[in-house]
Structures are given as C-alpha cells and as structure tokens.
file upload.pdb (PDB, C-alpha atoms)
ATOM      1  CA  MET J   1      40.896 -86.657  26.253
ATOM      2  CA  THR J   2      39.155 -84.864  23.370
ATOM      3  CA  LYS J   3      35.983 -83.059  24.355
ATOM      4  CA  LEU J   4      32.880 -83.984  22.383
ATOM      5  CA  LYS J   5      31.230 -81.127  20.538
ATOM      6  CA  VAL J   6      27.474 -81.013  21.126
ATOM      7  CA  GLY J   7      25.032 -79.153  18.904
ATOM      8  CA  ILE J   8      21.290 -78.551  19.047
ATOM      9  CA  VAL J   9      18.830 -77.753  16.261
ATOM     10  CA  LEU J  10      15.629 -75.854  17.085
ATOM     11  CA  SER J  11      12.656 -76.055  14.725
ATOM     12  CA  GLY J  12      10.291 -73.269  13.769
ATOM     13  CA  GLY J  13       6.753 -73.277  15.139
ATOM     14  CA  GLY J  14       5.455 -69.879  16.303
ATOM     15  CA  ILE J  15       4.395 -69.817  19.935
ATOM     16  CA  ARG J  16       5.168 -73.546  20.101
ATOM     17  CA  GLY J  17       8.827 -72.512  19.986
ATOM     18  CA  ILE J  18       8.524 -71.904  23.721
ATOM     19  CA  ALA J  19       8.868 -75.692  23.952
ATOM     20  CA  HIS J  20      12.543 -75.201  23.082
ATOM     21  CA  LEU J  21      12.968 -73.180  26.271
ATOM     22  CA  GLY J  22      11.659 -76.023  28.433
ATOM     23  CA  ILE J  23      13.927 -78.467  26.635
ATOM     24  CA  LEU J  24      16.974 -76.207  26.882
ATOM     25  CA  LYS J  25      16.343 -75.674  30.600
ATOM     26  CA  ALA J  26      16.270 -79.434  31.224
ATOM     27  CA  LEU J  27      19.467 -79.955  29.222
ATOM     28  CA  LYS J  28      21.204 -77.050  30.943
ATOM     29  CA  ASN J  29      20.316 -78.378  34.395
ATOM     30  CA  THR J  30      21.673 -81.766  33.345
ATOM     31  CA  GLY J  31      25.019 -80.175  32.569
ATOM     32  CA  ILE J  32      24.919 -80.201  28.771
ATOM     33  CA  LYS J  33      26.802 -77.333  27.136
ATOM     34  CA  PHE J  34      26.482 -76.586  23.448
ATOM     35  CA  ASN J  35      29.204 -75.846  20.943
ATOM     36  CA  HIS J  36      26.761 -74.796  18.219
ATOM     37  CA  ILE J  37      23.077 -73.920  17.898
ATOM     38  CA  SER J  38      21.043 -73.900  14.683
ATOM     39  CA  GLY J  39      17.484 -72.625  14.391
ATOM     40  CA  THR J  40      14.668 -71.501  12.141
ATOM     41  CA  SER J  41      12.008 -68.866  12.905
ATOM     42  CA  ALA J  42      10.911 -69.293  16.553
ATOM     43  CA  GLY J  43      13.888 -71.630  16.944
ATOM     44  CA  ALA J  44      16.176 -68.843  15.723
ATOM     45  CA  ILE J  45      14.692 -66.439  18.275
ATOM     46  CA  VAL J  46      15.041 -68.890  21.167
ATOM     47  CA  GLY J  47      18.501 -69.936  19.981
ATOM     48  CA  SER J  48      19.666 -66.322  19.890
ATOM     49  CA  PHE J  49      18.614 -65.655  23.472
ATOM     50  CA  TYR J  50      20.217 -68.873  24.704
ATOM     51  CA  ALA J  51      23.400 -68.244  22.721
ATOM     52  CA  ALA J  52      23.567 -64.823  24.393
ATOM     53  CA  GLY J  53      23.732 -66.535  27.782
ATOM     54  CA  ILE J  54      20.164 -65.756  28.920
ATOM     55  CA  ASP J  55      18.565 -68.499  31.030
ATOM     56  CA  PRO J  56      15.527 -70.211  29.400
ATOM     57  CA  GLU J  57      13.185 -69.306  32.266
ATOM     58  CA  GLU J  58      14.195 -65.677  31.938
ATOM     59  CA  VAL J  59      13.535 -65.865  28.193
ATOM     60  CA  LEU J  60      10.067 -67.277  28.919
ATOM     61  CA  ASN J  61       9.376 -64.271  31.141
ATOM     62  CA  ILE J  62      10.640 -61.953  28.394
ATOM     63  CA  PHE J  63       8.326 -63.557  25.845
ATOM     64  CA  MET J  64       5.344 -63.299  28.179
ATOM     65  CA  LYS J  65       6.108 -59.689  29.117
ATOM     66  CA  THR J  66       6.824 -58.401  25.610
ATOM     67  CA  LYS J  67       4.613 -60.841  23.650
ATOM     68  CA  LEU J  68       7.574 -60.964  21.272
ATOM     69  CA  LEU J  69       6.299 -63.971  19.330
ATOM     70  CA  ARG J  70       3.133 -62.097  18.347
ATOM     71  CA  PHE J  71       4.231 -58.456  18.418
ATOM     72  CA  ILE J  72       2.628 -57.436  15.131
ATOM     73  CA  ARG J  73       1.244 -54.317  13.452
ATOM     74  CA  PRO J  74      -0.343 -53.702  10.017
ATOM     75  CA  ALA J  75       2.023 -52.678   7.241
ATOM     76  CA  LEU J  76      -0.521 -51.362   4.769
ATOM     77  CA  GLY J  77       0.535 -50.988   1.159
ATOM     78  CA  SER J  78       3.397 -53.474   1.497
ATOM     79  CA  LEU J  79       3.868 -57.061   0.353
ATOM     80  CA  GLY J  80       2.702 -58.305   3.741
ATOM     81  CA  LEU J  81      -0.086 -57.456   6.150
ATOM     82  CA  ILE J  82       2.303 -57.028   9.076
ATOM     83  CA  ASN J  83       5.610 -55.271   9.531
ATOM     84  CA  ILE J  84       7.842 -57.569  11.583
ATOM     85  CA  GLU J  85      10.377 -54.716  11.848
ATOM     86  CA  ASN J  86       8.311 -53.484  14.804
ATOM     87  CA  THR J  87       9.950 -56.174  16.919
ATOM     88  CA  ARG J  88      13.395 -54.677  16.306
ATOM     89  CA  GLN J  89      13.262 -52.352  19.332
ATOM     90  CA  ILE J  90      12.407 -55.252  21.663
ATOM     91  CA  LEU J  91      15.305 -57.300  20.327
ATOM     92  CA  GLN J  92      17.745 -54.381  20.576
ATOM     93  CA  ASP J  93      17.153 -54.254  24.326
ATOM     94  CA  TYR J  94      18.579 -57.775  24.639
ATOM     95  CA  PHE J  95      21.094 -57.805  21.767
ATOM     96  CA  PRO J  96      22.713 -54.336  21.939
ATOM     97  CA  HIS J  97      25.809 -55.471  20.003
ATOM     98  CA  ASP J  98      23.614 -56.887  17.210
ATOM     99  CA  LYS J  99      26.311 -59.254  15.933
ATOM    100  CA  ILE J 100      26.015 -63.028  15.602
ATOM    101  CA  GLU J 101      29.750 -63.252  16.315
ATOM    102  CA  ALA J 102      29.225 -61.482  19.665
ATOM    103  CA  LEU J 103      27.105 -64.323  21.064
ATOM    104  CA  LYS J 104      28.576 -66.667  23.676
ATOM    105  CA  ILE J 105      27.703 -69.779  21.666
ATOM    106  CA  PRO J 106      28.152 -70.085  17.869
ATOM    107  CA  LEU J 107      24.755 -69.739  16.176
ATOM    108  CA  THR J 108      23.430 -70.402  12.679
ATOM    109  CA  ILE J 109      20.118 -68.828  11.677
ATOM    110  CA  CYS J 110      18.194 -70.307   8.767
ATOM    111  CA  ALA J 111      16.062 -68.128   6.474
ATOM    112  CA  THR J 112      14.728 -68.407   2.934
ATOM    113  CA  ASN J 113      16.210 -66.217   0.199
ATOM    114  CA  PHE J 114      12.895 -65.426  -1.503
ATOM    115  CA  SER J 115      14.550 -63.574  -4.377
ATOM    116  CA  GLU J 116      16.675 -66.556  -5.423
ATOM    117  CA  GLY J 117      14.460 -69.353  -4.090
ATOM    118  CA  ASN J 118      17.015 -71.082  -1.874
ATOM    119  CA  VAL J 119      18.007 -71.616   1.758
ATOM    120  CA  ALA J 120      20.134 -68.946   3.431
ATOM    121  CA  TYR J 121      22.277 -69.560   6.515
ATOM    122  CA  PHE J 122      23.595 -66.706   8.662
ATOM    123  CA  ASN J 123      26.425 -67.377  11.138
ATOM    124  CA  LYS J 124      27.978 -63.906  11.158
ATOM    125  CA  GLY J 125      26.902 -60.329  10.616
ATOM    126  CA  PRO J 126      23.833 -58.449  11.932
ATOM    127  CA  LEU J 127      21.904 -60.658  14.371
ATOM    128  CA  ILE J 128      18.544 -58.899  14.583
ATOM    129  CA  ARG J 129      18.039 -58.656  10.821
ATOM    130  CA  ALA J 130      18.799 -62.378  10.494
ATOM    131  CA  ILE J 131      16.289 -63.184  13.270
ATOM    132  CA  LEU J 132      13.600 -61.073  11.580
ATOM    133  CA  ALA J 133      14.272 -62.684   8.206
ATOM    134  CA  SER J 134      14.075 -66.183   9.657
ATOM    135  CA  SER J 135      10.715 -65.386  11.317
ATOM    136  CA  CYS J 136       9.107 -63.532   8.413
ATOM    137  CA  ILE J 137       6.073 -65.591   7.361
ATOM    138  CA  PRO J 138       5.344 -64.689   3.700
ATOM    139  CA  GLY J 139       1.908 -63.232   3.098
ATOM    140  CA  ILE J 140       1.692 -62.171   6.738
ATOM    141  CA  PHE J 141       4.947 -60.276   7.239
ATOM    142  CA  LYS J 142       6.705 -57.888   4.897
ATOM    143  CA  PRO J 143       9.915 -59.541   3.525
ATOM    144  CA  ILE J 144      13.237 -58.524   5.079
ATOM    145  CA  MET J 145      15.867 -57.145   2.721
ATOM    146  CA  ILE J 146      19.422 -58.461   3.147
ATOM    147  CA  ASP J 147      22.075 -57.697   0.507
ATOM    148  CA  ASN J 148      19.337 -56.506  -1.875
ATOM    149  CA  HIS J 149      17.501 -59.841  -1.646
ATOM    150  CA  MET J 150      14.106 -60.487  -0.079
ATOM    151  CA  HIS J 151      14.239 -62.950   2.818
ATOM    152  CA  VAL J 152      11.359 -64.741   4.521
ATOM    153  CA  ASP J 153      10.710 -67.507   7.058
ATOM    154  CA  GLY J 154      13.325 -70.258   7.006
ATOM    155  CA  GLY J 155      10.600 -72.841   7.571
ATOM    156  CA  ILE J 156       9.457 -72.447   3.972
ATOM    157  CA  LEU J 157      12.417 -74.533   2.805
ATOM    158  CA  ASN J 158      14.040 -75.819   6.007
ATOM    159  CA  ASN J 159      12.092 -75.880   9.267
ATOM    160  CA  PHE J 160      14.637 -78.147  10.983
ATOM    161  CA  PRO J 161      18.107 -76.878   9.970
ATOM    162  CA  VAL J 162      20.273 -79.715  11.219
ATOM    163  CA  GLU J 163      22.701 -79.421   8.295
ATOM    164  CA  PRO J 164      24.969 -76.677   9.741
ATOM    165  CA  LEU J 165      25.703 -78.905  12.751
ATOM    166  CA  LEU J 166      26.775 -82.018  10.881
ATOM    167  CA  SER J 167      30.274 -80.865   9.940
ATOM    168  CA  ASN J 168      31.331 -79.502  13.347
ATOM    169  CA  CYS J 169      29.434 -81.452  16.022
ATOM    170  CA  ASP J 170      30.017 -84.979  17.296
ATOM    171  CA  TYR J 171      26.624 -85.265  18.966
ATOM    172  CA  VAL J 172      23.430 -83.615  17.711
ATOM    173  CA  ILE J 173      20.278 -83.022  19.739
ATOM    174  CA  GLY J 174      17.063 -82.126  17.921
ATOM    175  CA  SER J 175      14.226 -80.108  19.447
ATOM    176  CA  SER J 176      11.034 -80.207  17.383
ATOM    177  CA  CYS J 177       7.778 -78.546  18.468
ATOM    178  CA  ASN J 178       5.414 -79.629  15.692
ATOM    179  CA  HIS J 179       4.399 -83.218  16.499
ATOM    180  CA  LEU J 180       0.886 -84.121  15.299
ATOM    181  CA  LYS J 181      -1.302 -86.790  16.865
ATOM    182  CA  PRO J 182      -3.398 -89.014  14.554
ATOM    183  CA  VAL J 183      -6.982 -87.784  14.056
ATOM    184  CA  ASP J 184     -10.054 -89.356  12.450
ATOM    185  CA  LYS J 185     -12.046 -86.174  11.773
ATOM    186  CA  ILE J 186     -11.651 -82.402  11.360
ATOM    187  CA  SER J 187     -14.610 -80.205  12.315
ATOM    188  CA  ARG J 188     -13.303 -76.691  11.495
ATOM    189  CA  ILE J 189     -11.666 -75.325   8.363
ATOM    190  CA  SER J 190      -9.122 -73.425  10.493
ATOM    191  CA  HIS J 191      -8.000 -76.703  12.095
ATOM    192  CA  LEU J 192      -7.747 -78.313   8.657
ATOM    193  CA  MET J 193      -5.552 -75.493   7.343
ATOM    194  CA  GLN J 194      -3.346 -75.485  10.429
ATOM    195  CA  ARG J 195      -2.849 -79.255  10.290
ATOM    196  CA  ALA J 196      -2.036 -79.075   6.578
ATOM    197  CA  GLY J 197       0.554 -76.385   7.278
ATOM    198  CA  ILE J 198       2.217 -78.430  10.019
ATOM    199  CA  MET J 199       2.268 -81.516   7.810
ATOM    200  CA  SER J 200       3.975 -79.474   5.104
ATOM    201  CA  ILE J 201       6.841 -78.270   7.308
ATOM    202  CA  ASN J 202       7.153 -81.748   8.856
ATOM    203  CA  HIS J 203       7.463 -83.512   5.522
ATOM    204  CA  ASP J 204      11.171 -84.284   5.883
ATOM    205  CA  MET J 205      11.341 -84.777   9.655
ATOM    206  CA  GLU J 206      11.663 -88.556   9.417
ATOM    207  CA  ARG J 207      14.742 -88.168   7.214
ATOM    208  CA  LYS J 208      16.292 -85.395   9.286
ATOM    209  CA  ALA J 209      15.648 -87.154  12.590
ATOM    210  CA  LYS J 210      18.205 -89.750  11.487
ATOM    211  CA  PHE J 211      20.931 -87.094  11.759
ATOM    212  CA  CYS J 212      20.101 -86.545  15.444
ATOM    213  CA  ASN J 213      21.627 -88.653  18.197
ATOM    214  CA  LEU J 214      18.681 -87.583  20.336
ATOM    215  CA  LEU J 215      15.376 -86.078  19.155
ATOM    216  CA  ILE J 216      13.079 -84.477  21.716
ATOM    217  CA  GLU J 217       9.599 -83.938  20.282
ATOM    218  CA  PRO J 218       6.768 -83.300  22.780
ATOM    219  CA  LYS J 219       3.653 -85.201  21.692
ATOM    220  CA  GLY J 220       0.743 -83.262  20.185
ATOM    221  CA  MET J 221       2.504 -79.889  20.261
ATOM    222  CA  GLY J 222       1.597 -79.263  16.618
ATOM    223  CA  GLU J 223      -2.082 -78.978  17.559
ATOM    224  CA  ILE J 224      -1.470 -75.722  19.463
ATOM    225  CA  SER J 225      -2.230 -72.581  17.454
ATOM    226  CA  THR J 226       0.831 -70.728  16.148
ATOM    227  CA  PHE J 227      -0.015 -67.532  18.066
ATOM    228  CA  ASP J 228      -1.851 -68.886  21.153
ATOM    229  CA  MET J 229       0.123 -66.962  23.799
ATOM    230  CA  LYS J 230      -2.222 -68.184  26.549
ATOM    231  CA  LYS J 231      -0.588 -71.613  26.301
ATOM    232  CA  ALA J 232       2.964 -70.299  26.850
ATOM    233  CA  GLU J 233       3.589 -71.695  30.340
ATOM    234  CA  THR J 234       1.781 -74.952  29.531
ATOM    235  CA  ILE J 235       3.997 -75.441  26.483
ATOM    236  CA  TYR J 236       7.129 -74.708  28.516
ATOM    237  CA  TRP J 237       6.423 -77.228  31.275
ATOM    238  CA  LEU J 238       5.106 -79.972  28.990
ATOM    239  CA  ALA J 239       8.289 -79.722  26.936
ATOM    240  CA  HIS J 240      10.444 -79.605  30.075
ATOM    241  CA  GLU J 241       8.915 -82.848  31.358
ATOM    242  CA  GLU J 242       9.298 -84.499  27.958
ATOM    243  CA  ALA J 243      12.955 -83.479  27.886
ATOM    244  CA  LEU J 244      13.608 -84.895  31.356
ATOM    245  CA  LYS J 245      12.182 -88.253  30.236
ATOM    246  CA  ALA J 246      14.210 -88.221  27.027
ATOM    247  CA  ILE J 247      17.420 -87.397  28.900
ATOM    248  CA  LYS J 248      16.840 -90.169  31.418
ATOM    249  CA  ASN J 249      16.095 -92.750  28.707
ATOM    250  CA  SER J 250      18.925 -91.802  26.339
ATOM    251  CA  GLU J 251      21.894 -94.116  26.807
ATOM    252  CA  SER J 252      24.004 -92.031  24.411
ATOM    253  CA  LEU J 253      23.370 -88.811  26.325
ATOM    254  CA  GLN J 254      24.036 -90.504  29.643
ATOM    255  CA  GLY J 255      27.318 -91.674  28.142
ATOM    256  CA  ILE J 256      28.243 -88.082  27.290
ATOM    257  CA  LEU J 257      27.457 -86.973  30.835
ATOM    258  CA  LYS J 258      29.686 -89.716  32.270
ATOM    259  CA  LEU J 259      32.455 -88.753  29.861
ATOM    260  CA  LYS J 260      32.057 -85.127  30.904
ATOM    261  CA  GLU J 261      32.695 -86.118  34.522
ATOM    262  CA  LYS J 262      36.021 -87.676  33.529
ATOM    263  CA  ILE J 263      37.282 -84.669  31.581
TER     264      ILE J 263
END
call {"tool": "encode", "arguments": {"input": "upload.pdb", "output": "structure tokens"}}
result
Amino acid sequence: MTKLKVGIVLSGGGIRGIAHLGILKALKNTGIKFNHISGTSAGAIVGSFYAAGIDPEEVLNIFMKTKLLRFIRPALGSLGLINIENTRQILQDYFPHDKIEALKIPLTICATNFSEGNVAYFNKGPLIRAILASSCIPGIFKPIMIDNHMHVDGGILNNFPVEPLLSNCDYVIGSSCNHLKPVDKISRISHLMQRAGIMSINHDMERKAKFCNLLIEPKGMGEISTFDMKKAETIYWLAHEEALKAIKNSESLQGILKLKEKI
C-alpha cells in the first residue's frame, strides 16, 4: 500500500507564528508525520525548528527564553532600522550544520528577491541565511544578500507558500495565523495600519485555501500585534485547541489516520 505524502504550509505573521507551534503539537500528538514543510517569515522559523526534529513545546520555550521573534537592534546608516543578522548567533545554537538538506524533514523557505522583484524559494543551501531573508521586513530590517541579490520578507509576495507542496504531496494542511474578525469601527491609527497590513497579506488566502485539504486558522489571531511577546503562551494554546477541533471534525484527516493504522 502506497504511503500518502503529507505536507504543511505555515504562514508568516510575526509573534502570531507561535500559533503554528500549537497546531504542529496537536498534529504530532495525533500521529501525523510530514513529508514536506513550506513556510514564510515566522512560518519559516517555526518550520525550520520542527524540520530539525525539535518538539513544538520546546520551540515555544526557546522563543520565550531568547525572544527570537523580536531580537532586534538598530542598524544605523543602513537600508533598514534594524539588523536582523543579530539573530544569527541564536539560530546557530540550534542549527549548527546550517544546511537545509541536513534537516530531518524536507523544507522550503519562501523569501522575496527584492533586487529582481520576484518570489524566491530555498530548499537547499545555507539554512540560517534563508531564514533571515524570509523574515526580513523591508523598511524595518536591513535586506539580506544572497547571490548578490537583496532578499526580504517572503510575505511581501507570498505569505502562504503552498505552491512548493502541490507537486510532491498528496494531502496538504494549511496553518494560517492572520485571521481577522469583522469590525465596525477603528479607534486608533495603529490598529488601522495593522489591520490594513494583515488584509494585504491575506488578499489571496481564499484562493490558496482551495489547495489545502485542511486549513487550520484560529479565529481573530490577526488582531494580535506582530511583536506582542506577552501573548506567546495564549497564542500557543488557543491555536492548539483550534487544531484539536479541526482534526476531530476533518473527515479527510481521520481517513488518513485510519489508513496509517493499516500500513
């Protein structure tokens, strides 16, 4: 009996990317194993840790201890206010081999080639530089140079990189952490700008969701500030509960689990 290949795509979303950890933990405990992971920005960071074989709860502790998702310093005189390269040392502690090919699960990291104005996918080569490129918010972080091209946050052009999974996975799970609830008024300009930004990266979610056999998208997660580290554990457990409900209610996923028992 041929084994089904299962893939998961992890969206970008700053600190909200911790939601992916809660979702991955629920899927792992259910017995789901992945043949391929694809991610942008925070999704690329989470995907890298999971692909390296590190348990989601341990990754949560790492994020809380190191404040990795907001480890920033000024980079005066550069094209960005912050030098994301300062996170390199933290990442080297967990990815000493620094090769995408060295991970336990195949991984594709999505970034934006800012020099050429197109999407860039990395599935081999230096891991840490690809992670930094994928997470490099333009105007905030200094662009990452790869092969003499500037690279910035993958979410600029593709915040939900499901495409790399379509040719080699039979079943695709989507994890999105940017759901917005309807509102009838906005009282602060910062909230207006944040909501506009989330709407921009979500613009093609309806189309891309159709490529997923199962989409897990915790409600209202998009309203949490991109760098609000205080909400880390709340995000994790809300997403974990949402994932448990989605798993229980998904007939297709239950079918995969039954098939897995027969193999």
call {"tool": "residues_around", "arguments": {"input": "upload.pdb", "residues": "Thr108 (chain J)", "least_positions_apart": "5", "cutoff": "7 Å", "atoms": "all atoms listed in the file", "output": "PyMOL selection string"}}
result
chain J and resi 37-39+121-123
call {"tool": "resolve_selection", "arguments": {"input": "upload.pdb", "expression": "the PyMOL selection byres ((chain J and resi 44) around 12)", "output": "VMD selection string"}}
result
chain J and resid 8 to 14 17 to 18 20 to 21 37 to 43 45 to 51 69 100 107 to 111 121 to 123 127 to 136 153 to 155 159 to 161
call {"tool": "write_last_selection", "arguments": {"input": "upload.pdb", "atoms": "C-alpha atoms", "output": "PDB file, in the coordinates of the input"}}
result
ATOM      1  CA  ILE J   8      21.290 -78.551  19.047  1.00  0.00           C
ATOM      2  CA  VAL J   9      18.830 -77.753  16.261  1.00  0.00           C
ATOM      3  CA  LEU J  10      15.629 -75.854  17.085  1.00  0.00           C
ATOM      4  CA  SER J  11      12.656 -76.055  14.725  1.00  0.00           C
ATOM      5  CA  GLY J  12      10.291 -73.269  13.769  1.00  0.00           C
ATOM      6  CA  GLY J  13       6.753 -73.277  15.139  1.00  0.00           C
ATOM      7  CA  GLY J  14       5.455 -69.879  16.303  1.00  0.00           C
ATOM      8  CA  GLY J  17       8.827 -72.512  19.986  1.00  0.00           C
ATOM      9  CA  ILE J  18       8.524 -71.904  23.721  1.00  0.00           C
ATOM     10  CA  HIS J  20      12.543 -75.201  23.082  1.00  0.00           C
ATOM     11  CA  LEU J  21      12.968 -73.180  26.271  1.00  0.00           C
ATOM     12  CA  ILE J  37      23.077 -73.920  17.898  1.00  0.00           C
ATOM     13  CA  SER J  38      21.043 -73.900  14.683  1.00  0.00           C
ATOM     14  CA  GLY J  39      17.484 -72.625  14.391  1.00  0.00           C
ATOM     15  CA  THR J  40      14.668 -71.501  12.141  1.00  0.00           C
ATOM     16  CA  SER J  41      12.008 -68.866  12.905  1.00  0.00           C
ATOM     17  CA  ALA J  42      10.911 -69.293  16.553  1.00  0.00           C
ATOM     18  CA  GLY J  43      13.888 -71.630  16.944  1.00  0.00           C
ATOM     19  CA  ILE J  45      14.692 -66.439  18.275  1.00  0.00           C
ATOM     20  CA  VAL J  46      15.041 -68.890  21.167  1.00  0.00           C
ATOM     21  CA  GLY J  47      18.501 -69.936  19.981  1.00  0.00           C
ATOM     22  CA  SER J  48      19.666 -66.322  19.890  1.00  0.00           C
ATOM     23  CA  PHE J  49      18.614 -65.655  23.472  1.00  0.00           C
ATOM     24  CA  TYR J  50      20.217 -68.873  24.704  1.00  0.00           C
ATOM     25  CA  ALA J  51      23.400 -68.244  22.721  1.00  0.00           C
ATOM     26  CA  LEU J  69       6.299 -63.971  19.330  1.00  0.00           C
ATOM     27  CA  ILE J 100      26.015 -63.028  15.602  1.00  0.00           C
ATOM     28  CA  LEU J 107      24.755 -69.739  16.176  1.00  0.00           C
ATOM     29  CA  THR J 108      23.430 -70.402  12.679  1.00  0.00           C
ATOM     30  CA  ILE J 109      20.118 -68.828  11.677  1.00  0.00           C
ATOM     31  CA  CYS J 110      18.194 -70.307   8.767  1.00  0.00           C
ATOM     32  CA  ALA J 111      16.062 -68.128   6.474  1.00  0.00           C
ATOM     33  CA  TYR J 121      22.277 -69.560   6.515  1.00  0.00           C
ATOM     34  CA  PHE J 122      23.595 -66.706   8.662  1.00  0.00           C
ATOM     35  CA  ASN J 123      26.425 -67.377  11.138  1.00  0.00           C
ATOM     36  CA  LEU J 127      21.904 -60.658  14.371  1.00  0.00           C
ATOM     37  CA  ILE J 128      18.544 -58.899  14.583  1.00  0.00           C
ATOM     38  CA  ARG J 129      18.039 -58.656  10.821  1.00  0.00           C
ATOM     39  CA  ALA J 130      18.799 -62.378  10.494  1.00  0.00           C
ATOM     40  CA  ILE J 131      16.289 -63.184  13.270  1.00  0.00           C
ATOM     41  CA  LEU J 132      13.600 -61.073  11.580  1.00  0.00           C
ATOM     42  CA  ALA J 133      14.272 -62.684   8.206  1.00  0.00           C
ATOM     43  CA  SER J 134      14.075 -66.183   9.657  1.00  0.00           C
ATOM     44  CA  SER J 135      10.715 -65.386  11.317  1.00  0.00           C
ATOM     45  CA  CYS J 136       9.107 -63.532   8.413  1.00  0.00           C
ATOM     46  CA  ASP J 153      10.710 -67.507   7.058  1.00  0.00           C
ATOM     47  CA  GLY J 154      13.325 -70.258   7.006  1.00  0.00           C
ATOM     48  CA  GLY J 155      10.600 -72.841   7.571  1.00  0.00           C
ATOM     49  CA  ASN J 159      12.092 -75.880   9.267  1.00  0.00           C
ATOM     50  CA  PHE J 160      14.637 -78.147  10.983  1.00  0.00           C
ATOM     51  CA  PRO J 161      18.107 -76.878   9.970  1.00  0.00           C
TER      52      PRO J 161
END
call {"tool": "closest_residue", "arguments": {"input": "upload.pdb", "among": "J:Ile32, J:Ile105, J:Ala26, J:Ile62", "to": "Asp93 (chain J)", "atoms": "only C-alpha atoms"}}
result
J:Ile62
call {"tool": "residues_near_point", "arguments": {"input": "upload.pdb", "point": "(22.4, -78.9, 16.1)", "cutoff": "9 Å", "atoms": "only C-alpha atoms", "output": "number ranges by chain"}}
result
J: 6-10, 34-39, 161-166, 169, 171-175, 212
call {"tool": "atom_distance", "arguments": {"input": "upload.pdb", "atom1": "CA of Ala102 (chain J)", "atom2": "CA of Ala19 (chain J)"}}
result
25.2 Å
call {"tool": "resolve_selection", "arguments": {"input": "upload.pdb", "expression": "the PyMOL selection byres ((chain J and resi 239) around 7)", "output": "PDB file with C-alpha atoms, in the frame of the given file"}}
result
ATOM      1  CA  ALA J  19       8.868 -75.692  23.952  1.00  0.00           C
ATOM      2  CA  GLY J  22      11.659 -76.023  28.433  1.00  0.00           C
ATOM      3  CA  ILE J  23      13.927 -78.467  26.635  1.00  0.00           C
ATOM      4  CA  PRO J 218       6.768 -83.300  22.780  1.00  0.00           C
ATOM      5  CA  ILE J 235       3.997 -75.441  26.483  1.00  0.00           C
ATOM      6  CA  TYR J 236       7.129 -74.708  28.516  1.00  0.00           C
ATOM      7  CA  TRP J 237       6.423 -77.228  31.275  1.00  0.00           C
ATOM      8  CA  LEU J 238       5.106 -79.972  28.990  1.00  0.00           C
ATOM      9  CA  HIS J 240      10.444 -79.605  30.075  1.00  0.00           C
ATOM     10  CA  GLU J 241       8.915 -82.848  31.358  1.00  0.00           C
ATOM     11  CA  GLU J 242       9.298 -84.499  27.958  1.00  0.00           C
ATOM     12  CA  ALA J 243      12.955 -83.479  27.886  1.00  0.00           C
TER      13      ALA J 243
END
call {"tool": "atom_distance", "arguments": {"input": "upload.pdb", "atom1": "CA of Met221 (chain J)", "atom2": "CA of Cys177 (chain J)"}}
result
5.7 Å
call {"tool": "resolve_selection", "arguments": {"input": "upload.pdb", "expression": "the PyMOL selection byres ((chain J and resi 94) around 10)", "output": "short mmCIF file (atom, residue, chain, number, x, y, z; two decimals) with C-alpha atoms, in the coordinates of the input"}}
result
data_model
loop_
_atom_site.label_atom_id
_atom_site.label_comp_id
_atom_site.auth_asym_id
_atom_site.auth_seq_id
_atom_site.Cartn_x
_atom_site.Cartn_y
_atom_site.Cartn_z
CA SER J 48 19.67 -66.32 19.89
CA PHE J 49 18.61 -65.66 23.47
CA ALA J 52 23.57 -64.82 24.39
CA ILE J 54 20.16 -65.76 28.92
CA ILE J 62 10.64 -61.95 28.39
CA GLN J 89 13.26 -52.35 19.33
CA ILE J 90 12.41 -55.25 21.66
CA LEU J 91 15.30 -57.30 20.33
CA GLN J 92 17.74 -54.38 20.58
CA ASP J 93 17.15 -54.25 24.33
CA PHE J 95 21.09 -57.80 21.77
CA PRO J 96 22.71 -54.34 21.94
CA HIS J 97 25.81 -55.47 20.00
CA ASP J 98 23.61 -56.89 17.21
#
